[in-house]
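Visitor: So here's input.tsv, just TSV, C-alpha atoms:
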chain	number	residue	atom	x	y	z
A	1	MET	CA	109.48	129.16	97.72
A	2	ALA	CA	109.19	130.33	94.14
A	3	GLN	CA	108.99	134.04	94.53
A	4	ALA	CA	109.18	137.04	92.30
A	5	VAL	CA	111.95	138.73	94.25
A	6	PRO	CA	112.50	142.30	93.08
A	7	ALA	CA	115.85	142.71	91.35
A	8	GLY	CA	118.52	144.52	93.27
A	9	THR	CA	117.16	143.48	96.66
A	10	LYS	CA	119.88	144.06	99.26
A	11	TRP	CA	119.83	140.71	101.02
A	12	TRP	CA	122.56	141.49	103.49
A	13	SER	CA	121.48	144.93	104.63
A	14	GLY	CA	119.57	143.50	107.58
A	15	GLY	CA	115.93	143.20	108.49
A	16	LYS	CA	115.24	140.21	106.27
A	17	SER	CA	116.41	136.66	105.90
A	18	PRO	CA	119.35	136.80	103.48
A	19	PHE	CA	118.53	133.34	102.19
A	20	ASN	CA	114.85	134.13	101.89
A	21	VAL	CA	113.85	130.98	103.76
A	22	GLU	CA	112.41	130.50	107.17
A	23	TYR	CA	114.88	129.46	109.88
A	24	GLY	CA	113.51	125.95	110.50
A	25	LYS	CA	113.52	125.16	106.82
A	26	LEU	CA	117.10	126.30	106.42
A	27	MET	CA	118.13	124.15	109.38
A	28	MET	CA	116.29	121.20	107.84
A	29	TRP	CA	118.42	121.69	104.73
A	30	TYR	CA	121.61	121.68	106.77
A	31	PHE	CA	120.49	118.65	108.73
A	32	LEU	CA	119.81	116.84	105.48
A	33	MET	CA	123.23	117.83	104.19
A	34	SER	CA	124.88	116.31	107.25
A	35	ASP	CA	122.67	113.26	106.90
A	36	SER	CA	123.77	112.92	103.30
A	37	PHE	CA	127.35	112.74	104.56
A	38	THR	CA	126.37	109.90	106.86
A	39	PHE	CA	124.77	107.99	104.02
A	40	GLY	CA	127.63	108.96	101.76
A	41	ALA	CA	130.12	107.54	104.24
A	42	PHE	CA	128.15	104.28	104.39
A	43	LEU	CA	127.87	103.92	100.64
A	44	ILE	CA	131.45	104.92	99.96
A	45	SER	CA	132.79	102.47	102.52
A	46	TYR	CA	130.68	99.85	100.76
A	47	GLY	CA	132.24	100.88	97.45
A	48	SER	CA	135.71	100.92	98.97
A	49	ILE	CA	135.31	97.39	100.32
A	50	ARG	CA	133.86	96.22	97.05
A	51	PHE	CA	136.86	97.63	95.18
A	52	ALA	CA	139.14	95.93	97.71
A	53	THR	CA	137.63	92.48	97.05
A	54	ASN	CA	138.24	90.11	94.15
A	55	GLY	CA	134.71	88.78	93.80
A	56	TRP	CA	131.26	90.01	94.68
A	57	PRO	CA	127.80	88.41	94.55
A	58	ASP	CA	125.72	89.15	91.48
A	59	PRO	CA	122.73	91.30	92.50
A	60	ASN	CA	120.63	89.89	89.66
A	61	HIS	CA	121.11	86.49	91.21
A	62	VAL	CA	120.44	87.55	94.81
A	63	PHE	CA	117.46	89.84	94.25
A	64	ARG	CA	115.32	87.83	91.90
A	65	ALA	CA	112.28	86.98	94.00
A	66	PHE	CA	108.82	88.47	94.03
A	67	PRO	CA	106.18	88.04	96.76
A	68	PHE	CA	103.61	85.27	96.35
A	69	MET	CA	105.15	84.03	93.12
A	70	GLY	CA	107.02	81.05	94.52
A	71	GLU	CA	110.38	80.24	92.97
A	72	THR	CA	110.86	83.04	90.48
A	73	ASN	CA	113.63	84.50	88.43
A	74	LEU	CA	112.58	88.11	88.18
A	75	PRO	CA	115.63	90.22	88.91
A	76	LEU	CA	114.98	93.92	89.53
A	77	VAL	CA	111.21	93.64	89.27
A	78	PHE	CA	110.42	93.81	92.98
A	79	VAL	CA	112.95	96.54	93.69
A	80	SER	CA	111.59	98.53	90.75
A	81	LEU	CA	108.20	98.33	92.35
A	82	MET	CA	109.69	99.65	95.61
A	83	THR	CA	111.33	102.50	93.69
A	84	PHE	CA	108.05	103.32	92.00
A	85	ILE	CA	106.21	103.36	95.35
A	86	LEU	CA	108.75	105.74	96.85
A	87	ILE	CA	108.78	108.11	93.87
A	88	MET	CA	104.98	108.08	93.87
A	89	SER	CA	104.82	108.96	97.57
A	90	SER	CA	107.33	111.73	96.90
A	91	VAL	CA	104.94	113.13	94.30
A	92	THR	CA	101.99	113.05	96.70
A	93	MET	CA	104.20	114.81	99.25
A	94	VAL	CA	104.96	117.65	96.82
A	95	LEU	CA	101.28	117.87	96.05
A	96	ALA	CA	100.62	118.19	99.81
A	97	VAL	CA	103.16	121.01	99.97
A	98	ALA	CA	101.51	122.66	96.97
A	99	ALA	CA	98.12	122.32	98.64
A	100	GLY	CA	99.62	123.91	101.75
A	101	HIS	CA	100.69	126.87	99.67
A	102	ALA	CA	97.17	127.21	98.41
A	103	GLN	CA	95.96	127.09	102.06
A	104	ASP	CA	93.81	124.10	101.15
A	105	ARG	CA	93.58	122.14	104.38
A	106	LYS	CA	91.43	119.32	103.02
A	107	LYS	CA	93.77	118.66	100.13
A	108	VAL	CA	96.78	118.68	102.48
A	109	THR	CA	95.05	116.00	104.56
A	110	PHE	CA	94.26	113.95	101.47
A	111	TYR	CA	97.80	114.01	100.07
A	112	MET	CA	99.41	113.46	103.48
A	113	ILE	CA	97.31	110.31	103.89
A	114	LEU	CA	98.43	109.09	100.45
A	115	THR	CA	102.06	109.82	101.35
A	116	ILE	CA	101.77	107.89	104.60
A	117	ILE	CA	100.20	104.95	102.78
A	118	GLY	CA	103.08	105.02	100.30
A	119	GLY	CA	105.56	105.01	103.17
A	120	PHE	CA	103.91	102.00	104.78
A	121	MET	CA	103.82	100.19	101.45
A	122	PHE	CA	107.54	100.75	101.01
A	123	LEU	CA	108.25	99.54	104.54
A	124	GLY	CA	106.10	96.49	103.90
A	125	CYS	CA	108.06	95.70	100.74
A	126	GLN	CA	111.33	96.07	102.57
A	127	ALA	CA	110.14	93.89	105.42
A	128	TRP	CA	109.19	91.23	102.91
A	129	GLU	CA	112.56	91.45	101.18
A	130	TRP	CA	114.46	91.15	104.47
A	131	TRP	CA	112.27	88.26	105.56
A	132	HIS	CA	112.83	86.50	102.25
A	133	LEU	CA	116.61	86.99	102.31
A	134	HIS	CA	116.71	85.87	105.93
A	135	GLY	CA	114.83	82.75	104.86
A	136	GLU	CA	117.53	82.10	102.27
A	137	GLY	CA	120.11	82.23	105.04
A	138	ALA	CA	121.35	85.79	104.61
A	139	TRP	CA	121.82	87.98	107.65
A	140	TRP	CA	124.54	90.02	109.32
A	141	GLY	CA	127.54	87.71	109.44
A	142	ARG	CA	125.97	85.10	107.16
A	143	ASN	CA	126.15	85.07	103.39
A	144	PRO	CA	124.78	82.12	101.44
A	145	PHE	CA	125.36	83.76	98.05
A	146	PRO	CA	128.52	82.91	96.10
A	147	ASN	CA	130.42	85.51	94.14
A	148	ALA	CA	129.40	86.14	90.55
A	149	ASP	CA	132.41	84.13	89.36
A	150	GLY	CA	131.43	81.14	91.52
A	151	SER	CA	133.98	81.59	94.29
A	152	LYS	CA	133.07	81.84	97.96
A	153	ALA	CA	131.97	85.33	99.03
A	154	SER	CA	132.77	87.03	102.32
A	155	THR	CA	129.99	88.34	104.56
A	156	ASN	CA	130.75	91.92	103.51
A	157	PHE	CA	127.94	91.81	100.98
A	158	THR	CA	125.17	90.94	103.44
A	159	ASN	CA	126.64	93.10	106.21
A	160	PHE	CA	126.59	96.20	104.01
A	161	PHE	CA	123.25	95.35	102.46
A	162	PHE	CA	121.42	94.95	105.76
A	163	THR	CA	123.16	97.87	107.43
A	164	ILE	CA	122.56	100.37	104.65
A	165	THR	CA	119.04	99.33	103.65
A	166	GLY	CA	118.27	99.06	107.38
A	167	PHE	CA	119.52	102.58	108.01
A	168	HIS	CA	117.52	103.81	105.04
A	169	GLY	CA	114.45	101.87	106.18
A	170	PHE	CA	114.79	103.48	109.60
A	171	HIS	CA	114.76	106.87	107.88
A	172	VAL	CA	111.63	105.89	105.99
A	173	PHE	CA	110.05	104.76	109.25
A	174	SER	CA	110.84	108.02	111.05
A	175	GLY	CA	109.65	109.90	107.97
A	176	VAL	CA	106.31	108.11	108.19
A	177	ILE	CA	106.09	108.99	111.90
A	178	ILE	CA	106.84	112.65	111.13
A	179	ASN	CA	104.22	112.62	108.37
A	180	ILE	CA	101.64	111.12	110.73
A	181	ILE	CA	102.35	113.85	113.27
A	182	MET	CA	101.97	116.46	110.52
A	183	LEU	CA	98.69	114.86	109.46
A	184	ILE	CA	97.37	114.98	113.04
A	185	LYS	CA	98.44	118.61	113.42
A	186	ASN	CA	96.74	119.43	110.15
A	187	LEU	CA	93.54	117.65	111.19
A	188	ARG	CA	93.57	119.65	114.44
A	189	GLY	CA	93.81	122.78	112.33
A	190	ASP	CA	97.15	123.90	113.79
A	191	PHE	CA	98.53	125.06	110.47
A	192	ALA	CA	95.34	126.77	109.44
A	193	LYS	CA	95.46	128.70	112.72
A	194	ARG	CA	99.11	129.56	112.15
A	195	GLY	CA	98.30	130.79	108.67
A	196	HIS	CA	100.99	128.83	106.85
A	197	TYR	CA	101.97	125.24	106.14
A	198	LEU	CA	105.76	125.53	106.46
A	199	MET	CA	105.86	122.47	108.72
A	200	ILE	CA	104.47	120.39	105.86
A	201	GLU	CA	107.27	121.76	103.71
A	202	LYS	CA	109.94	120.76	106.22
A	203	ALA	CA	108.49	117.27	106.62
A	204	GLY	CA	108.38	117.17	102.82
A	205	LEU	CA	112.08	118.00	102.55
A	206	TYR	CA	112.88	115.12	104.85
A	207	TRP	CA	110.63	112.79	102.88
A	208	HIS	CA	112.22	113.72	99.55
A	209	PHE	CA	115.63	113.20	101.06
A	210	VAL	CA	114.63	109.63	101.92
A	211	ASP	CA	113.61	109.18	98.29
A	212	LEU	CA	116.91	110.71	97.18
A	213	VAL	CA	118.93	108.29	99.29
A	214	TRP	CA	116.93	105.40	97.89
A	215	VAL	CA	117.99	106.41	94.38
A	216	PHE	CA	121.60	105.88	95.42
A	217	VAL	CA	120.93	102.71	97.40
A	218	PHE	CA	119.04	101.32	94.40
A	219	THR	CA	121.97	102.01	92.09
A	220	CYS	CA	124.69	100.81	94.45
A	221	PHE	CA	123.08	97.54	95.54
A	222	TYR	CA	120.80	96.45	92.75
A	223	LEU	CA	122.31	97.81	89.56
A	224	LEU	CA	126.09	98.04	89.91
B	1	MET	CA	107.96	132.30	113.81
B	2	SER	CA	110.80	134.75	113.92
B	3	SER	CA	110.39	138.44	113.32
B	4	ILE	CA	112.79	138.26	110.38
B	5	GLU	CA	110.93	138.67	107.13
B	6	THR	CA	111.02	136.22	104.31
B	7	THR	CA	109.12	136.94	101.15
B	8	SER	CA	107.45	133.58	101.51
B	9	SER	CA	106.01	134.16	104.96
B	10	SER	CA	102.34	133.82	105.56
B	11	HIS	CA	100.90	137.16	104.64
B	12	ASP	CA	101.64	137.19	100.94
B	13	ASN	CA	100.74	133.61	100.21
B	14	ALA	CA	98.08	134.92	97.90
B	15	HIS	CA	100.59	135.30	95.11
B	16	THR	CA	102.59	132.23	95.97
B	17	THR	CA	101.25	129.91	93.36
B	18	PHE	CA	102.89	126.54	93.47
B	19	ASP	CA	102.72	125.11	90.00
B	20	THR	CA	101.88	121.40	90.00
B	21	ARG	CA	102.74	120.82	86.35
B	22	PRO	CA	106.54	120.57	86.87
B	23	ILE	CA	105.87	118.03	89.64
B	24	TRP	CA	104.24	115.61	87.25
B	25	ARG	CA	106.84	116.29	84.60
B	26	THR	CA	109.54	115.46	87.15
B	27	PHE	CA	107.66	112.31	88.10
B	28	TRP	CA	107.61	111.12	84.49
B	29	ILE	CA	111.29	111.92	84.07
B	30	LEU	CA	112.21	109.94	87.20
B	31	LEU	CA	110.02	107.04	86.16
B	32	GLY	CA	111.45	107.12	82.65
B	33	ILE	CA	115.05	107.09	83.86
B	34	THR	CA	114.32	104.17	86.19
B	35	LEU	CA	112.71	102.24	83.35
B	36	VAL	CA	115.71	102.94	81.11
B	37	GLU	CA	118.02	101.60	83.85
B	38	ILE	CA	115.97	98.43	84.23
B	39	THR	CA	115.75	97.93	80.48
B	40	LEU	CA	119.52	98.28	80.13
B	41	ALA	CA	120.05	95.81	82.99
B	42	THR	CA	117.69	93.32	81.34
B	43	ILE	CA	119.38	93.70	77.95
B	44	HIS	CA	122.74	93.16	79.64
B	45	MET	CA	121.47	90.00	81.35
B	46	LYS	CA	120.11	88.57	78.11
B	47	THR	CA	122.86	89.53	75.69
B	48	GLY	CA	125.88	90.67	77.70
B	49	PHE	CA	125.76	93.98	75.87
B	50	PRO	CA	126.65	96.72	76.80
B	51	SER	CA	129.62	95.61	78.85
B	52	LYS	CA	129.39	95.94	82.63
B	53	TYR	CA	131.89	98.81	82.78
B	54	VAL	CA	130.04	100.91	80.21
B	55	LEU	CA	126.77	100.06	81.91
B	56	ASN	CA	128.05	101.13	85.33
B	57	GLY	CA	129.06	104.50	83.89
B	58	ILE	CA	125.60	104.91	82.39
B	59	TYR	CA	123.97	103.96	85.72
B	60	LEU	CA	126.00	106.54	87.60
B	61	ILE	CA	125.15	109.31	85.14
B	62	LEU	CA	121.45	108.40	85.25
B	63	THR	CA	121.54	108.24	89.06
B	64	CYS	CA	123.02	111.72	89.24
B	65	ALA	CA	120.34	112.93	86.84
B	66	LYS	CA	117.63	111.48	89.10
B	67	ALA	CA	119.25	113.05	92.16
B	68	PHE	CA	119.34	116.41	90.39
B	69	TYR	CA	115.63	116.28	89.55
B	70	ILE	CA	114.63	115.26	93.08
B	71	ILE	CA	116.69	118.00	94.70
B	72	ALA	CA	115.91	120.71	92.17
B	73	GLU	CA	112.20	120.12	91.66
B	74	PHE	CA	110.78	118.02	94.52
B	75	MET	CA	112.87	119.69	97.18
B	76	HIS	CA	112.48	122.93	95.27
B	77	LEU	CA	116.11	123.95	95.70
B	78	ARG	CA	116.28	125.28	92.14
B	79	HIS	CA	113.83	128.00	93.08
B	80	GLU	CA	115.66	129.21	96.17
B	81	ILE	CA	118.03	132.14	95.95
B	82	LYS	CA	121.54	131.52	94.78
B	83	ASN	CA	123.41	132.19	98.03
B	84	MET	CA	121.33	129.56	99.76
B	85	ILE	CA	121.83	127.01	96.96
B	86	MET	CA	125.59	127.53	97.17
B	87	THR	CA	125.72	126.81	100.92
B	88	ILE	CA	124.28	123.39	100.07
B	89	ALA	CA	126.02	122.71	96.77
B	90	ILE	CA	129.58	123.70	97.65
B	91	PRO	CA	129.95	121.48	100.75
B	92	ALA	CA	128.45	118.63	98.72
B	93	LEU	CA	131.40	118.91	96.33
B	94	ILE	CA	133.48	117.12	98.96
B	95	PHE	CA	131.83	113.94	97.64
B	96	VAL	CA	133.90	114.23	94.48
B	97	TRP	CA	137.10	113.80	96.48
B	98	PHE	CA	135.45	111.38	98.89
B	99	ILE	CA	134.38	108.92	96.20
B	100	ILE	CA	137.55	109.07	94.10
B	101	ALA	CA	139.90	108.80	97.09
B	102	PHE	CA	138.19	105.86	98.77
B	103	LEU	CA	137.50	103.79	95.68
B	104	TRP	CA	141.09	104.34	94.60
B	105	ASP	CA	142.28	103.31	98.03
B	106	GLY	CA	140.15	100.17	97.92
B	107	SER	CA	141.40	99.05	94.54
B	108	SER	CA	145.00	99.81	95.50
B	109	TYR	CA	144.62	97.65	98.61
B	110	ASN	CA	143.18	94.85	96.51
B	111	ALA	CA	146.03	95.07	94.00
B	112	LEU	CA	148.60	94.93	96.80
B	113	ARG	CA	146.98	91.92	98.42
B	114	ASN	CA	146.73	90.10	95.10
B	115	ARG	CA	150.42	90.70	94.53
B	116	TYR	CA	151.78	89.84	97.97
B	117	ASP	CA	149.21	87.58	99.60
B	118	ALA	CA	149.13	84.28	97.72
B	119	HIS	CA	146.47	82.82	100.00
B	120	TYR	CA	144.14	85.74	99.32
B	121	ARG	CA	144.75	85.52	95.58
B	122	ASP	CA	144.16	81.79	95.37
B	123	ALA	CA	141.06	81.80	97.56
B	124	ASN	CA	139.21	83.26	94.61
B	125	LYS	CA	140.18	80.40	92.33
B	126	VAL	CA	138.26	77.85	94.40
B	127	LYS	CA	134.79	77.63	92.90
B	128	ILE	CA	131.90	76.58	95.10
B	129	ALA	CA	129.16	77.30	92.57
B	130	PRO	CA	128.77	77.79	88.85
B	131	PRO	CA	129.21	81.41	87.80
B	132	SER	CA	125.89	83.19	88.18
B	133	GLU	CA	126.38	85.29	85.07
B	134	PRO	CA	126.06	82.68	82.34
B	135	THR	CA	125.44	85.43	79.82
B	136	ASP	CA	129.09	86.45	79.82
B	137	LYS	CA	130.09	82.83	79.33
B	138	GLU	CA	127.72	82.38	76.43
B	139	HIS	CA	128.96	85.55	74.96
B	140	GLY	CA	132.50	84.30	75.31
B	141	SER	CA	131.79	80.85	73.87
B	142	LYS	CA	130.30	82.37	70.75
B	143	GLU	CA	133.60	84.01	70.03
B	144	GLU	CA	135.48	80.77	70.47
Have the structure of the file written as structure tokens, please.
Guide:
Amino acid sequence: MAQAVPAGTKWWSGGKSPFNVEYGKLMMWYFLMSDSFTFGAFLISYGSIRFATNGWPDPNHVFRAFPFMGETNLPLVFVSLMTFILIMSSVTMVLAVAAGHAQDRKKVTFYMILTIIGGFMFLGCQAWEWWHLHGEGAWWGRNPFPNADGSKASTNFTNFFFTITGFHGFHVFSGVIINIIMLIKNLRGDFAKRGHYLMIEKAGLYWHFVDLVWVFVFTCFYLL
Amino acid sequence: MSSIETTSSSHDNAHTTFDTRPIWRTFWILLGITLVEITLATIHMKTGFPSKYVLNGIYLILTCAKAFYIIAEFMHLRHEIKNMIMTIAIPALIFVWFIIAFLWDGSSYNALRNRYDAHYRDANKVKIAPPSEPTDKEHGSKEE
């Protein structure tokens, strides 16, 4: 992490990690890079299909509901809440990493719990959104929403929406599982025994990546 | 852990202070950008200004800004050493080609179908619902 590295250090002369990061963390970075290509391929194929189609449903028309409000016309409000939840849980994750650097086991536990709660809240929001859209008749292969210009839309819109948000939601879910495992290991004192909290950092990288992907999903599906 | 040394390994954690101030600053920046995006979208819905094409450009720039802050500050990449950053950043450049090539391909396919496939072209003229963006219509009618 942030280090005062003496100038003129010979990184490639052997005996030290030339990238100045621990092996597992470096591999997490490369995994995330490959994962970003997977998400990129999904989102770009979505864009490609959208460019290859004359009409497309208007997101402000499709995503205008809010839980427990009945028939509402609040475009973007619910998804903004989801974005806020995810950014917030990203912040608590960084704070957990920071606490790990300070070797503060109690604080790591506290912030990991907050992060996990944030993850579950996001998943709950997504479950509600899927359930609501399914209730409106949208699913893979079914699209009740007309194009923005009033013509009949293909099922591409719902297919891409459920596939990509589903794939992202699956990442969130596995991120929550990883965070729970990290929390249990921390409660058992594994990291304190080991003397460092690098595992928290690696889980954190994954968690931030999930947040990062959401930024793009948010733009591609709800704004554009 | 491995026997290879990194300056951030356990024994010198004493002087590894992880500053929490930039975290909160980043949080406010991300929140602010998101609010700007939502505000712009709301203004567009109410008034039809700025136009959708301009707005999409703004969204993409703001999205990239958010991505930069998450990667640089939350994932802490900005504070790694340069060689390491480059092994991540340079392969990611393939996205520039990836996005341009595939969107171009999509729109080219659409243009070809609109020119040669009359059925495809006309299918879009059949309206099954009123247009869901009345704002553009209102905007247009004012000019009439």
Visitor: Identify which of the residues A:Phe66, A:Gly55, A:His134, A:Phe145 lies closest to Val126 in chain B, counting only C-alpha atoms when measuring atom-to-atom distances.
Guide: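 Of the candidates, the smallest distance to Val126 in chain B is held by A:Gly55.
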Visitor: Report as a VMD selection string all protein, DNA and RNA residues lying within 8 Å of Met28 in chain A, evaluated on all atoms listed in the file, omitting residues in the same chain fewer than 3 positions from it.
Guide: chain A and resid 24 to 25 31 to 32 202 205 to 206
Visitor: When you count all atoms listed in the file, which of these residues is closest to Tyr222 in chain A: A:Lys152, A:Phe157, A:Gly119, A:Arg142?
Guide: A:Phe157
Visitor: Could you pull the residues within 7 Å of Tyr109 in chain B, counting all atoms listed in the file, minus those fewer than 4 positions along the same chain, as number ranges by chain?
Guide: A: 52; B: 105, 113
Visitor: Tell me, as a list in words, which residues lie within 9 Å of range 49-59 of chain B, counting all atoms listed in the file; anything in the same chain fewer than 5 positions away does not count.
Guide: Thr219, Leu223 and Leu224 of chain A; Glu37, Leu40, Ala41, Ile43, His44 and Cys64 of chain B
Visitor: I need the residues from that last selection saved to file as a PDB file, in the coordinates of the input (with C-alpha atoms), if you can.
Guide:
ATOM      1  CA  THR A 219     121.970 102.010  92.090  1.00  0.00           C
ATOM      2  CA  LEU A 223     122.310  97.810  89.560  1.00  0.00           C
ATOM      3  CA  LEU A 224     126.090  98.040  89.910  1.00  0.00           C
TER       4      LEU A 224
ATOM      5  CA  GLU B  37     118.020 101.600  83.850  1.00  0.00           C
ATOM      6  CA  LEU B  40     119.520  98.280  80.130  1.00  0.00           C
ATOM      7  CA  ALA B  41     120.050  95.810  82.990  1.00  0.00           C
ATOM      8  CA  ILE B  43     119.380  93.700  77.950  1.00  0.00           C
ATOM      9  CA  HIS B  44     122.740  93.160  79.640  1.00  0.00           C
ATOM     10  CA  CYS B  64     123.020 111.720  89.240  1.00  0.00           C
TER      11      CYS B  64
END
Visitor: Could you state the separation of CA of Leu62 in chain B and CA of Val36 in chain B in Å, given to one decimal place?
Guide: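 It comes out at 8.9 Å.
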Visitor: Would you give me, as a PyMOL selection string, the residues of chain A that come within 8 Å of chain B, using all atoms listed in the file?
Guide: chain A and resi 1-3+5+15-17+19-23+29-30+33+40+44-45+47-55+58+61+76+80+84+87-88+90-91+94-95+98+101-102+146-152+195-196+204-205+208+212+215-216+219+223-224
Visitor: In Å to one decimal, how far is CA of Met86 in chain B from CA of Val97 in chain A?
Guide: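 Computed distance, CA of Val97 in chain A to CA of Met86 in chain B, equals 23.5 Å.
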Visitor: Quick one: distance from CA of Val217 in chain A to CA of Val176 in chain A in Å, one decimal?
Guide: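 Interatomic distance here is 19.0 Å.
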Visitor: I'd like to know which of A:Phe221, A:Thr92, A:Met27, A:Trp207 is closest to Phe161 in chain A, using all atoms listed in the file.
Guide: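 Result for the nearest residue to Phe161 in chain A: A:Phe221.
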Visitor: Smallest atom-to-atom distance to Arg188 in chain A: which of A:Lys10, A:His132, A:Arg105, A:Arg64, using only C-alpha atoms?
Guide: A:Arg105
Visitor: Could you pull out every residue with an atom within 9 Å of (127.2, 85.5, 106.0), file coordinates, counting only C-alpha atoms, and send them as a count of residues only?
Guide: 16
Visitor: Using all atoms listed in the file, pick whichever of A:Leu133, A:Met121, A:Leu183, A:Val172 has the shortest atom-to-atom distance to Val108 in chain A.
Guide: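 Among the listed residues, the smallest separation from Val108 in chain A belongs to A:Leu183.
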Visitor: Which residues are close to Phe39 in chain A, i.e. within 9 Å by only C-alpha atoms, leaving aside same-chain residues fewer than 5 positions away? Reply as a PyMOL selection string.
Guide: chain A and resi 34+44+164+167-168+213
Visitor: Will you model N, CA and C atoms for range 177-196 of chain A and pass it back as a short mmCIF file (atom, residue, chain, number, x, y, z; two decimals), in the coordinates of the input?
Guide:
data_model
loop_
_atom_site.label_atom_id
_atom_site.label_comp_id
_atom_site.auth_asym_id
_atom_site.auth_seq_id
_atom_site.Cartn_x
_atom_site.Cartn_y
_atom_site.Cartn_z
N ILE A 177 106.54 108.47 110.60
CA ILE A 177 106.09 108.99 111.90
C ILE A 177 105.92 110.51 111.83
N ILE A 178 106.92 111.19 111.25
CA ILE A 178 106.84 112.65 111.13
C ILE A 178 105.61 113.03 110.31
N ASN A 179 105.38 112.31 109.21
CA ASN A 179 104.22 112.62 108.37
C ASN A 179 102.91 112.40 109.12
N ILE A 180 102.87 111.36 109.96
CA ILE A 180 101.64 111.12 110.73
C ILE A 180 101.41 112.27 111.71
N ILE A 181 102.50 112.73 112.34
CA ILE A 181 102.35 113.85 113.27
C ILE A 181 101.85 115.09 112.52
N MET A 182 102.42 115.31 111.32
CA MET A 182 101.97 116.46 110.52
C MET A 182 100.50 116.33 110.14
N LEU A 183 100.09 115.10 109.82
CA LEU A 183 98.69 114.86 109.46
C LEU A 183 97.79 115.19 110.65
N ILE A 184 98.19 114.72 111.85
CA ILE A 184 97.37 114.98 113.04
C ILE A 184 97.29 116.48 113.31
N LYS A 185 98.44 117.16 113.19
CA LYS A 185 98.44 118.61 113.42
C LYS A 185 97.55 119.32 112.41
N ASN A 186 97.57 118.82 111.18
CA ASN A 186 96.74 119.43 110.15
C ASN A 186 95.26 119.19 110.43
N LEU A 187 94.93 117.95 110.89
CA LEU A 187 93.54 117.65 111.19
C LEU A 187 93.04 118.50 112.36
N ARG A 188 93.94 118.79 113.31
CA ARG A 188 93.57 119.65 114.44
C ARG A 188 93.44 121.10 114.02
N GLY A 189 93.92 121.40 112.80
CA GLY A 189 93.81 122.78 112.33
C GLY A 189 94.94 123.68 112.80
N ASP A 190 96.04 123.09 113.28
CA ASP A 190 97.15 123.90 113.79
C ASP A 190 97.73 124.82 112.73
N PHE A 191 97.88 124.27 111.52
CA PHE A 191 98.53 125.06 110.47
C PHE A 191 97.59 126.14 109.95
N ALA A 192 96.32 125.78 109.89
CA ALA A 192 95.34 126.77 109.44
C ALA A 192 95.33 127.96 110.39
N LYS A 193 95.44 127.65 111.72
CA LYS A 193 95.46 128.70 112.72
C LYS A 193 96.71 129.56 112.56
N ARG A 194 97.84 128.87 112.26
CA ARG A 194 99.11 129.56 112.15
C ARG A 194 99.16 130.41 110.88
N GLY A 195 98.36 130.00 109.89
CA GLY A 195 98.30 130.79 108.67
C GLY A 195 99.27 130.34 107.59
N HIS A 196 100.11 129.36 107.90
CA HIS A 196 100.99 128.83 106.85
C HIS A 196 101.27 127.37 107.12
#
